[in-house]
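Here's the structure we're looking at; comments come further down.
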Amino acid sequence: MEIASGKGFNTLYLAQQQHHAFTGVDITPIHVDIAQRKAKQKDLANAQFQQGDFHSLDFATGQFDCAFEVESICHALDMKRALESIHRVLKPEADFILFNCFKKRHADLTPDEATATQLIEKSMSVNRFAPLDEFLETAEATGFEVVEIKDLSEATMPNLLRFENLARWFFQFAIAGKFIRFLLPEYLAQNAIASLLMPIASHDNILGYYRIVLKRQ
């Protein structure tokens, strides 16, 4: 099961590589419709999509062998509730694999660092990036065992710098930036703020990008 599968890219890719059954869950109905159409076009009978909220998944207890998410759990409004919901639908000893951004530092930020972090969160529609230690404590309290924590921040830096260069162009050329903002959806223009600030936040160890593997106990 993919948590917050969007338009189905990850789930469809995996369904093409494997014969296992894959289920994508997303809260946005139009995303689910698009993913379902793509699965039908590709004749992928082993991929299905369902509208749902990961805070309250509508599946049987112990239904899935594995769950994963890519940059979605950071949007949880109630992290404990979301983890409890995912824990419930996994089989015992099943893995929950996460690729996401967490705070490395949060108690000792300067005012400028705190403002930059808030700007990144708001521009990415994230209520709050959870501190890594806080997230791990919540996961363990929910019944997960932490199997792996791998810091991928350095590996993501080339992409972050590429996005930073695009964002600098967007802000440097005001007229062109206004024209582009007129053409693009608002959320893409907002992402330019995060693109400009993320390399700094990563380099200064404020935010980190991790692969985390949790096992349902």
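Each chain in the structure tokens gets a letter, A, B and so on, in the order shown; residues start at 1 in every chain, and ligands are counted from 1 in the order they appear.
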
As a VMD selection string, which residues of range 7-144 of chain A does DSSP assign to strand (DSSP E or B)?
chain A and resid 22 to 26 47 to 51 64 to 70 90 to 103 131 144

Excluding same-chain residues fewer than 2 positions from Gln51 in chain A, what lies within 12 Å of it counting only C-alpha atoms, as a PyMOL selection string?
chain A and resi 2-8+23-36+48-49+53-54+56-59

Hey, can you check how far CA of Val70 in chain A sits from CA of Leu14 in chain A?
13.5 Å

Got a sec to tell me which of range 51-176 of chain A DSSP assigns to alpha helix (DSSP H), as an MDAnalysis selection string?
chainID A and resid 79:89 111:123 132:142 153:172 174:176

Could you give me, as a ChimeraX atom specification, the residues within 10 Å of Asn165 in chain A, counting only C-alpha atoms and dropping anything in the same chain fewer than 5 positions from it?
/A:159-160,170,192,195-196

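The smallest atom-to-atom distance between Phe135 in chain A and any of A:Cys101, A:Ile193, A:Ala155, A:Ala67, using only C-alpha atoms, is found for A:Cys101.
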
Could you list, as a PyMOL selection string, every residue within 8 Å of Val126 in chain A, counting only C-alpha atoms and ignoring same-chain residues fewer than 5 positions away?
chain A and resi 74-75+121

For the residues selected in the previous step, produce a file with N, CA and C atoms as a short mmCIF file (atom, residue, chain, number, x, y, z; two decimals), in the first residue's frame.
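So result.cif came out as:
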data_model
loop_
_atom_site.label_atom_id
_atom_site.label_comp_id
_atom_site.auth_asym_id
_atom_site.auth_seq_id
_atom_site.Cartn_x
_atom_site.Cartn_y
_atom_site.Cartn_z
N CYS A 74 4.61 13.94 6.21
CA CYS A 74 4.90 15.27 6.76
C CYS A 74 3.66 16.17 6.73
N HIS A 75 2.65 15.78 5.95
CA HIS A 75 1.42 16.56 5.87
C HIS A 75 0.38 16.11 6.91
N GLU A 121 8.05 25.38 5.36
CA GLU A 121 6.86 24.60 5.72
C GLU A 121 5.61 25.16 5.05
#

Looking at A:Arg211, A:Lys122, A:His55, A:Lys104, which one is nearest to Glu134 in chain A, with distances taken over only C-alpha atoms?
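The closest residue to Glu134 in chain A is A:Lys104.
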